[in-house]
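> Got a structure for you, written out below as C-alpha cells; questions coming shortly.
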Amino acid sequence: MIVDNSATDVRVAAILIDAGLPVSAWQAPALLHWKGSGGVLSDIFTRVGAFQYERGSKTSCMLTKADTHVQLDGDNLVVDNTWLWHADHDDCYTQSDQCNSGYGLVVKGSDVSVSGLKVEHVFKDHVYWKGESGKMIFLQEELPYHYLSFGSDGNVGYRVDPAVQSHTAYALGIYIVGVCGNMVDVTAIRAPYTASLNNMVAWDNGADVSAFAALLCQGDQCTRGACSGSFCRLADSPQPMPEVGDTVLISSRDNKKCLKLKDGDEAEGTQVEVSTCDAYNQKQHWQYIDNQIRHNTQDGRQLCISDPADHPLIGDTLKVHSCDGSPGQKWTYDHLLGSTAFGAPATKYCMDVVDGSTADNTPVQIWNCEERGYKNQRWNAHKVHSTAGTSVMV
C-alpha cells in the first residue's frame, strides 16, 4: 500500500497487510509506504509469514518477504496502535521461520508521532528513526528468537540515526524469549545524545539478562542500566558526557540539586551536601580524575570527596579531605546510568542523598547501592564554564 506524496491528510485505519512476494524476490518494497504529509495511521497490522490460504499469486504456505514493514517518509504524521509482525506461529509447520523480514518501522519524515507500537521478530532494526522532531510513546518489541545472531550481527531494537538533532521517546520495552534459545551481544537501544529517552526496559523472558550487552548506547558510551533478575531498567538518558578539561556541576537526577561544600567552606573535613544548582558558585565545581571527585580551592589546593574511615559503614556522611588516592576517595561512575559507587575494598556503597530530601543543605552519605531506591543514588554531570581555572571531567 502506498500513500502518494501528493496526498495530504489521509486517514488509514483498521486493515491487515500481508506480505505476498516470494522470499526469493530481489527487492520487496515496504508493505506500507507513506509518502504524503499530514494524516493519521491507526489500528494497522502487518504480517510476514507462511500461511495455507491462497490468493492471486500467493500459493499455499509460500515463503514471503518484505524489506520493510512500514516506511514513513511524510512529515507531520500521527501513528497509533500498530503491530508489525514476523510470524512465529503459523499453520504451515513453522515455515515462517524461513521467511524474511527486514526493518519493522522506518521513519524518514519530520514531526512524526507514534504511540502504541508493537514490533516482533523482524530481522533488522525493529525501529530505525531518521526524521527530525520525532516522538515515540509506548513501544513493545520482541526480538527474533529464531535468529539468535540478531545482536552480534549489528541489529538493534530501537535506533535513532546519529544525525538526528531532536527526538523524544517514552516507555520503550524490548525483550527476548530466552527460553527458546538465548542471544548474545544485544544492544536494545542506540541513539545520539540529542535524543531524550525516558523509561527504558530490557527483559529476557525465561533467562537472565546476559544476552543484553547494553540497554542503551549513546555514541561509544553504553550501559545495561540497573539490572535485577531478568530485567534491566534505565530511567532516562543524560546529557552528553563532558570531556577532559570541562568543569561540571554534579546534580542528583531525582531532585536536581547539586553537590556543594557546606556553607561554602573549603577547609579540611567540610561536609558535602546538595543545594539548588548555581553554575556561578565555584563551591559547586568538581572534577573527576583517577576515580577521585576533586574540588579546586581558591588558594590552589585540591580536596577530594572522602569517607576516611578504615571500615566504611552505611550512613557515613561524606566530607572533603586532601587528595591522597586512598581507598576512601575512590569512586566509580557510569555516565549513562548516573551511578556513583564507592569503591573501598570489599564494599559496594553508593553516594546517596540522605532520605532523598529535596531541601537545600541536605547531607550526602554512603549507603548500600539501590537499597534505598535508585532515585537517591543517580547523578548527572553538567558542563559549566568555570572562572576558577579548574580542569574537570565526569
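Here's how to read the names in the C-alpha cells: chain A, B, ... by the order shown, residue numbers from 1 in each chain, ligand numbers from 1 in the order shown.
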Go through stretch 164-253 of chain A and flag each residue having an atom no more than 12 Å from stretch 347-351 of chain A; for those, report the closest pair of atoms plus their distance in Å to one decimal, using only C-alpha atoms, ordered by chain and rising number, as a tab-separated table.

```
residue	atom	partner	partner_atom	distance
A:Ile250	CA	A:Met351	CA	11.6
A:Ser251	CA	A:Met351	CA	11.6
A:Ser252	CA	A:Met351	CA	10.0
```
> Please report, as a Markdown table, each residue of stretch 123-174 of chain A lying at most 7 Å from stretch 196-207 of chain A, together with the nearest pair of atoms and the separation in Å rounded to one decimal; use only C-alpha atoms, and order rows by chain and ascending residue number.

```
| residue | atom | partner | partner_atom | distance |
| --- | --- | --- | --- | --- |
| A:His167 | CA | A:Ser196 | CA | 6.1 |
| A:Thr168 | CA | A:Ser196 | CA | 4.8 |
| A:Ala169 | CA | A:Leu197 | CA | 4.9 |
| A:Tyr170 | CA | A:Asn198 | CA | 4.8 |
| A:Ala171 | CA | A:Asn199 | CA | 4.8 |
| A:Leu172 | CA | A:Met200 | CA | 4.8 |
| A:Gly173 | CA | A:Val201 | CA | 4.8 |
| A:Ile174 | CA | A:Ala202 | CA | 5.0 |
```
> Next, the residues of the selection above should be written as a PDB file, in the first residue's frame with C-alpha atoms.

```pdb
ATOM      1  CA  HIS A 167      13.934  13.034  19.241  1.00  0.00           C
ATOM      2  CA  THR A 168      11.799  12.145  22.267  1.00  0.00           C
ATOM      3  CA  ALA A 169      10.694   8.706  23.426  1.00  0.00           C
ATOM      4  CA  TYR A 170       8.836   7.381  26.460  1.00  0.00           C
ATOM      5  CA  ALA A 171       8.282   3.814  27.702  1.00  0.00           C
ATOM      6  CA  LEU A 172      10.487   1.647  25.486  1.00  0.00           C
ATOM      7  CA  GLY A 173      10.218  -2.069  26.263  1.00  0.00           C
ATOM      8  CA  ILE A 174      12.424  -4.560  24.413  1.00  0.00           C
TER       9      ILE A 174
END
```
> Can you list every residue in stretch 7-253 of chain A that DSSP puts in strand (DSSP E or B), as a ChimeraX atom specification?
/A:11-18,21-22,32-34,40-48,55,58,64-72,78-86,100-107,113-120,127-129,134-142,156-160,167-177,186-190,195-205,212-218,221-223,226-228,231-236,247-252
> Write out, as a compact mmCIF listing (two decimals), in the first residue's frame, the residues just selected, with C-alpha atoms.

```txt
# COMPACT_ATOMS: atom_id res chain seq x y z
CA ARG A 11 -6.57 8.57 7.16
CA VAL A 12 -5.83 4.83 7.02
CA ALA A 13 -7.26 2.58 9.73
CA ALA A 14 -8.19 -0.98 10.67
CA ILE A 15 -6.54 -3.07 7.96
CA LEU A 16 -4.21 -6.09 7.76
CA ILE A 17 -1.43 -6.03 5.17
CA ASP A 18 0.04 -9.45 4.45
CA LEU A 21 6.14 -11.54 -2.57
CA PRO A 22 8.23 -14.72 -2.51
CA LEU A 32 3.00 0.23 3.71
CA HIS A 33 4.91 3.20 2.28
CA TRP A 34 3.57 6.60 3.37
CA VAL A 40 -3.31 9.50 10.60
CA LEU A 41 -2.43 5.79 10.56
CA SER A 42 -4.20 3.70 13.23
CA ASP A 43 -5.08 0.11 14.08
CA ILE A 44 -2.80 -1.43 11.43
CA PHE A 45 -1.43 -4.99 11.38
CA THR A 46 1.36 -6.00 9.01
CA ARG A 47 2.48 -9.61 8.66
CA VAL A 48 5.27 -11.60 7.03
CA ARG A 55 -4.91 -15.68 -3.16
CA LYS A 58 0.28 -16.29 -3.37
CA THR A 64 7.29 -14.49 1.80
CA LYS A 65 9.47 -11.42 2.16
CA ALA A 66 9.28 -7.70 2.98
CA ASP A 67 12.35 -5.48 3.18
CA THR A 68 10.42 -3.13 5.49
CA HIS A 69 7.04 -3.44 7.13
CA VAL A 70 6.16 0.27 7.35
CA GLN A 71 8.12 3.23 5.98
CA LEU A 72 7.06 6.80 6.77
CA VAL A 78 0.28 10.53 13.61
CA VAL A 79 0.52 6.75 14.09
CA ASP A 80 -1.43 4.90 16.77
CA ASN A 81 -1.83 1.22 17.75
CA THR A 82 0.12 -0.71 15.13
CA TRP A 83 1.53 -4.25 15.21
CA LEU A 84 4.33 -5.14 12.78
CA TRP A 85 4.79 -8.90 12.98
CA HIS A 86 7.09 -11.50 11.50
CA ASN A 100 12.39 -12.82 5.52
CA SER A 101 11.57 -9.51 7.22
CA GLY A 102 13.93 -6.57 7.04
CA TYR A 103 13.10 -3.49 9.12
CA GLY A 104 9.98 -3.04 11.19
CA LEU A 105 9.29 0.71 11.22
CA VAL A 106 11.48 3.19 9.30
CA VAL A 107 10.73 6.88 9.85
CA SER A 113 4.37 10.95 16.41
CA VAL A 114 3.94 7.23 17.13
CA SER A 115 2.14 5.66 20.08
CA GLY A 116 1.28 2.09 20.99
CA LEU A 117 3.72 0.40 18.59
CA LYS A 118 4.39 -3.34 18.66
CA VAL A 119 7.19 -4.84 16.52
CA GLU A 120 8.08 -8.52 16.70
CA VAL A 127 12.64 0.71 14.63
CA TYR A 128 15.01 2.93 12.65
CA TRP A 129 14.26 6.63 13.10
CA GLY A 134 10.01 12.56 16.22
CA LYS A 135 8.10 11.29 19.25
CA MET A 136 7.52 7.72 20.40
CA ILE A 137 5.19 6.86 23.28
CA PHE A 138 4.99 3.22 24.41
CA LEU A 139 6.89 0.62 22.42
CA GLN A 140 6.82 -3.17 22.75
CA GLU A 141 9.40 -5.25 20.89
CA GLU A 142 10.07 -8.96 20.86
CA VAL A 156 19.25 -3.23 17.47
CA GLY A 157 15.74 -2.91 18.79
CA TYR A 158 15.42 0.87 18.57
CA ARG A 159 17.82 3.04 16.60
CA VAL A 160 17.84 6.81 16.25
CA HIS A 167 13.93 13.03 19.24
CA THR A 168 11.80 12.15 22.27
CA ALA A 169 10.69 8.71 23.43
CA TYR A 170 8.84 7.38 26.46
CA ALA A 171 8.28 3.81 27.70
CA LEU A 172 10.49 1.65 25.49
CA GLY A 173 10.22 -2.07 26.26
CA ILE A 174 12.42 -4.56 24.41
CA TYR A 175 12.52 -8.25 25.28
CA ILE A 176 13.86 -11.66 24.34
CA VAL A 177 12.16 -15.04 24.79
CA VAL A 186 22.26 -7.47 22.02
CA THR A 187 22.00 -3.68 22.19
CA ALA A 188 18.40 -2.76 22.88
CA ILE A 189 18.59 0.96 22.04
CA ARG A 190 21.15 3.05 20.18
CA ALA A 195 17.67 12.20 21.82
CA SER A 196 15.67 12.41 25.04
CA LEU A 197 14.80 8.85 26.09
CA ASN A 198 12.72 8.01 29.14
CA ASN A 199 11.71 4.81 30.95
CA MET A 200 13.59 2.06 29.14
CA VAL A 201 13.31 -1.65 29.98
CA ALA A 202 15.10 -4.73 28.62
CA TRP A 203 13.72 -8.15 29.61
CA ASP A 204 14.96 -11.67 28.97
CA ASN A 205 11.90 -13.85 29.43
CA PHE A 212 21.92 -7.81 26.61
CA ALA A 213 25.35 -6.27 26.17
CA ALA A 214 23.68 -2.85 26.57
CA LEU A 215 20.27 -1.42 27.24
CA LEU A 216 21.38 1.93 25.79
CA CYS A 217 24.34 3.10 23.73
CA GLN A 218 24.96 6.78 23.02
CA GLN A 221 29.11 5.11 25.81
CA CYS A 222 26.97 2.07 26.66
CA THR A 223 25.18 0.87 29.78
CA ALA A 226 20.19 -1.14 36.68
CA CYS A 227 19.76 -4.91 36.31
CA SER A 228 18.00 -7.35 38.61
CA PHE A 231 15.20 -7.10 33.84
CA CYS A 232 17.43 -4.10 33.15
CA ARG A 233 15.99 -0.61 33.58
CA LEU A 234 17.09 2.93 32.84
CA ALA A 235 15.03 5.94 33.87
CA ASP A 236 16.29 8.38 31.27
CA THR A 247 34.09 21.97 34.53
CA VAL A 248 30.90 20.32 35.82
CA LEU A 249 28.13 20.53 38.33
CA ILE A 250 27.19 17.10 39.73
CA SER A 251 23.45 17.01 40.31
CA SER A 252 21.02 14.50 41.75
```
> Would you please extract all helix (DSSP H, G or I) residues from stretch 81-323 of chain A, as assigned by DSSP on the backbone, and give them as an mmCIF file with N, CA and C atoms, in the first residue's frame?

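File written: result.cif
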```cif
data_model
loop_
_atom_site.group_PDB
_atom_site.id
_atom_site.type_symbol
_atom_site.label_atom_id
_atom_site.label_comp_id
_atom_site.auth_asym_id
_atom_site.auth_seq_id
_atom_site.Cartn_x
_atom_site.Cartn_y
_atom_site.Cartn_z
ATOM 1 N N GLN A 95 7.017 -22.808 8.969
ATOM 2 C CA GLN A 95 7.802 -22.376 7.818
ATOM 3 C C GLN A 95 8.028 -20.856 7.800
ATOM 4 N N SER A 96 7.286 -20.134 8.631
ATOM 5 C CA SER A 96 7.502 -18.690 8.714
ATOM 6 C C SER A 96 8.930 -18.345 9.138
ATOM 7 N N ASP A 97 9.576 -19.283 9.840
ATOM 8 C CA ASP A 97 10.964 -19.040 10.239
ATOM 9 C C ASP A 97 11.870 -18.881 9.025
ATOM 10 N N GLN A 98 11.439 -19.394 7.880
ATOM 11 C CA GLN A 98 12.243 -19.300 6.664
ATOM 12 C C GLN A 98 11.860 -18.093 5.803
ATOM 13 N N GLY A 178 14.033 -15.875 26.045
ATOM 14 C CA GLY A 178 15.262 -16.637 26.239
ATOM 15 C C GLY A 178 15.055 -18.126 26.395
ATOM 16 N N VAL A 179 13.846 -18.546 26.748
ATOM 17 C CA VAL A 179 13.597 -19.983 26.893
ATOM 18 C C VAL A 179 13.654 -20.701 25.557
ATOM 19 N N CYS A 180 13.596 -19.949 24.460
ATOM 20 C CA CYS A 180 13.663 -20.539 23.120
ATOM 21 C C CYS A 180 15.081 -20.538 22.558
ATOM 22 N N VAL A 209 19.745 -11.696 32.148
ATOM 23 C CA VAL A 209 19.883 -10.592 31.190
ATOM 24 C C VAL A 209 21.233 -10.596 30.478
ATOM 25 N N SER A 210 21.954 -11.713 30.547
ATOM 26 C CA SER A 210 23.296 -11.732 29.967
ATOM 27 C C SER A 210 23.283 -11.545 28.461
ATOM 28 N N ALA A 211 22.152 -11.814 27.810
ATOM 29 C CA ALA A 211 22.086 -11.609 26.359
ATOM 30 C C ALA A 211 22.230 -10.142 25.984
ATOM 31 N N LYS A 262 29.620 22.451 52.319
ATOM 32 C CA LYS A 262 28.749 23.049 53.333
ATOM 33 C C LYS A 262 29.169 24.484 53.631
ATOM 34 N N ASP A 263 28.186 25.360 53.557
ATOM 35 C CA ASP A 263 28.394 26.783 53.878
ATOM 36 C C ASP A 263 29.495 27.421 53.042
ATOM 37 N N GLY A 264 29.810 26.810 51.917
ATOM 38 C CA GLY A 264 30.832 27.394 51.061
ATOM 39 C C GLY A 264 32.235 27.294 51.615
ATOM 40 N N GLN A 282 31.373 28.603 42.609
ATOM 41 C CA GLN A 282 32.553 27.774 42.436
ATOM 42 C C GLN A 282 32.648 26.664 43.473
ATOM 43 N N LYS A 283 31.902 26.780 44.564
ATOM 44 C CA LYS A 283 31.902 25.706 45.566
ATOM 45 C C LYS A 283 31.130 24.484 45.058
ATOM 46 N N GLN A 284 30.456 24.627 43.907
ATOM 47 C CA GLN A 284 29.752 23.507 43.283
ATOM 48 C C GLN A 284 30.508 22.946 42.072
#
```
> Counting only C-alpha atoms, which of A:Leu259, A:Leu63, A:Val320, A:Ala163 gets nearest to A:Val23?
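Ranking A:Leu259, A:Leu63, A:Val320, A:Ala163 by distance to A:Val23, first place goes to A:Leu63.
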> Find the residue from A:Arg224, A:Gly181, A:Lys383, A:Lys330 that sits nearest to A:Ala279; use only C-alpha atoms when measuring.
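With only C-alpha atoms as the atom set, the closest residue is A:Lys383.
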> To one decimal place, how far is atom CA of A:Asp316 from atom CA of A:Pro242 in Å?
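Pair atom CA of A:Asp316 / atom CA of A:Pro242 returns 28.8 Å.
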